[in-house]
Amino acid sequence: MVNISKIYEMLNWNNPSRVQLEGIRLAQNINDLSLLIQPLAGPSVWEHCAIILSKKADVELEPYLDSLLEWLQDINWPGAMCIAERLKTFSGKKLKISLEKAVVKANKMSNEEGLMWLDYLSELLDNSELISNLSGDTLSVLKKHYHNWASWRSE
């Protein structure tokens, strides 16, 4: 078995594609998915990690929802869009609790970073099953940000 540091090295976007593909193949067999969530190896491997995670079943990702939602704090981070798209198809019933915790956390930040995170989290409202499961308070907060990014800057 190749160690995780070697896999991270292989996933680096600066490597030849054949090396990256071998890294992806090896990373797909990792059981502890937390090792693929914004790993300390740095942003140059995050996009590949996000793609691998996006192919996992809901049941495999469910224990990691809080961390996956934190990845959406900055949509410009490599892999963030991929994770957002995957979460849009996630079970709304299962995503509800983690999303509501993330919204509370973002609201408590009371700064531009928190408001931007709410902007990005609001994109998950494309998940119709999620909408029907969210509390009224969470839904109200996210609707203010939905397709209305950075509108708070003019307030």
# chains A, B, ... in the order shown; residues from 1 in each chain; ligands from 1
$ residues_around --residues "Asn133 of chain A" --least-positions-apart "3" --cutoff "8 Å" --atoms "only C-alpha atoms" --output "PyMOL selection string"
chain A and resi 92-93+96+129-130
$ select_by_dssp --residues "segment 24-115 of chain A" --states "helix (DSSP H, G or I)" --output "ChimeraX atom specification"
/A:24-27,33-36,43-54,58-73,80-87,92-109,112-115
$ closest_atom_pairs --of "segment 78-110 of chain A" --to "segment 35-49 of chain A" --cutoff "9 Å" --atoms "only C-alpha atoms" --output "tab-separated table"
residue	atom	partner	partner_atom	distance
A:Pro78	CA	A:Glu47	CA	5.0
A:Gly79	CA	A:Glu47	CA	4.1
A:Ala80	CA	A:Glu47	CA	7.9
A:Cys82	CA	A:Glu47	CA	7.8
$ residues_around --residues "segment 63-65 of chain A" --least-positions-apart "6" --cutoff "8 Å" --atoms "only C-alpha atoms" --output "number ranges by chain"
A: 33-34, 95, 98
$ write_last_selection --atoms "all heavy atoms" --output "tab-separated table (two decimals), in the first residue's frame"
chain	number	residue	atom	x	y	z
A	33	LEU	N	-12.19	9.07	4.37
A	33	LEU	CA	-12.38	10.17	3.41
A	33	LEU	C	-11.95	11.52	3.96
A	33	LEU	O	-11.73	12.45	3.19
A	33	LEU	CB	-13.83	10.22	2.95
A	33	LEU	CG	-14.33	8.97	2.22
A	33	LEU	CD1	-15.77	9.16	1.75
A	33	LEU	CD2	-13.43	8.61	1.05
A	34	SER	N	-11.76	11.62	5.26
A	34	SER	CA	-11.28	12.89	5.82
A	34	SER	C	-9.90	13.25	5.26
A	34	SER	O	-9.54	14.42	5.20
A	34	SER	CB	-11.23	12.84	7.35
A	34	SER	OG	-10.22	11.97	7.80
A	95	LEU	N	-28.62	16.05	4.72
A	95	LEU	CA	-27.81	17.27	4.66
A	95	LEU	C	-28.32	18.35	5.61
A	95	LEU	O	-27.56	19.21	6.05
A	95	LEU	CB	-27.76	17.79	3.22
A	95	LEU	CG	-26.91	19.00	2.91
A	95	LEU	CD1	-25.47	18.79	3.35
A	95	LEU	CD2	-26.97	19.29	1.41
A	98	SER	N	-26.38	19.28	9.11
A	98	SER	CA	-25.06	19.86	8.90
A	98	SER	C	-25.16	21.24	8.27
A	98	SER	O	-24.41	22.16	8.63
A	98	SER	CB	-24.20	18.94	8.03
A	98	SER	OG	-23.89	17.77	8.74
$ atom_distance --atom1 "atom CA of Ala27 of chain A" --atom2 "atom CA of Ile7 of chain A"
6.6 Å
$ residues_around --residues "Ile131 of chain A" --least-positions-apart "2" --cutoff "12 Å" --atoms "only C-alpha atoms" --output "JSON, numbers by chain"
{"A": [88, 90, 91, 92, 93, 95, 96, 99, 100, 122, 123, 124, 125, 126, 127, 128, 129, 133, 134, 135, 136, 137, 138, 139, 140, 142, 143]}
$ residues_around --residues "Lys55 of chain A" --least-positions-apart "5" --cutoff "10 Å" --atoms "only C-alpha atoms" --output "PyMOL selection string"
chain A and resi 28+50+60-61+86
$ write_last_selection --atoms "N, CA, C and O atoms" --output "PDB file, in the first residue's frame"
ATOM      1  N   GLN A  28      -8.797   6.616  -4.778  1.00  0.00           N
ATOM      2  CA  GLN A  28     -10.171   6.110  -4.785  1.00  0.00           C
ATOM      3  C   GLN A  28     -10.367   4.965  -3.804  1.00  0.00           C
ATOM      4  O   GLN A  28     -11.494   4.664  -3.423  1.00  0.00           O
ATOM      5  N   ALA A  50     -11.559  16.518  -4.516  1.00  0.00           N
ATOM      6  CA  ALA A  50     -12.983  16.841  -4.633  1.00  0.00           C
ATOM      7  C   ALA A  50     -13.663  15.958  -5.675  1.00  0.00           C
ATOM      8  O   ALA A  50     -14.787  15.492  -5.461  1.00  0.00           O
ATOM      9  N   GLU A  60     -21.438   7.156   2.190  1.00  0.00           N
ATOM     10  CA  GLU A  60     -20.002   7.274   2.429  1.00  0.00           C
ATOM     11  C   GLU A  60     -19.619   8.690   2.854  1.00  0.00           C
ATOM     12  O   GLU A  60     -18.710   8.880   3.662  1.00  0.00           O
ATOM     13  N   LEU A  61     -20.311   9.686   2.305  1.00  0.00           N
ATOM     14  CA  LEU A  61     -19.988  11.089   2.583  1.00  0.00           C
ATOM     15  C   LEU A  61     -20.656  11.627   3.850  1.00  0.00           C
ATOM     16  O   LEU A  61     -20.174  12.596   4.440  1.00  0.00           O
ATOM     17  N   ARG A  86     -21.869  18.438  -5.975  1.00  0.00           N
ATOM     18  CA  ARG A  86     -22.196  17.123  -5.410  1.00  0.00           C
ATOM     19  C   ARG A  86     -23.232  17.253  -4.301  1.00  0.00           C
ATOM     20  O   ARG A  86     -24.181  16.467  -4.214  1.00  0.00           O
TER      21      ARG A  86
END
$ atom_distance --atom1 "atom CA of Asn31 of chain A" --atom2 "atom CA of Asp74 of chain A"
26.1 Å
$ closest_residue --among "A:Ala57, A:Lys94, A:Gln20, A:Tyr120" --to "Trp77 of chain A" --atoms "only C-alpha atoms"
A:Tyr120
$ residues_around --residues "Val103 of chain A" --least-positions-apart "6" --cutoff "9 Å" --atoms "only C-alpha atoms" --output "PyMOL selection string"
chain A and resi 114+117-118+121+138+141-142
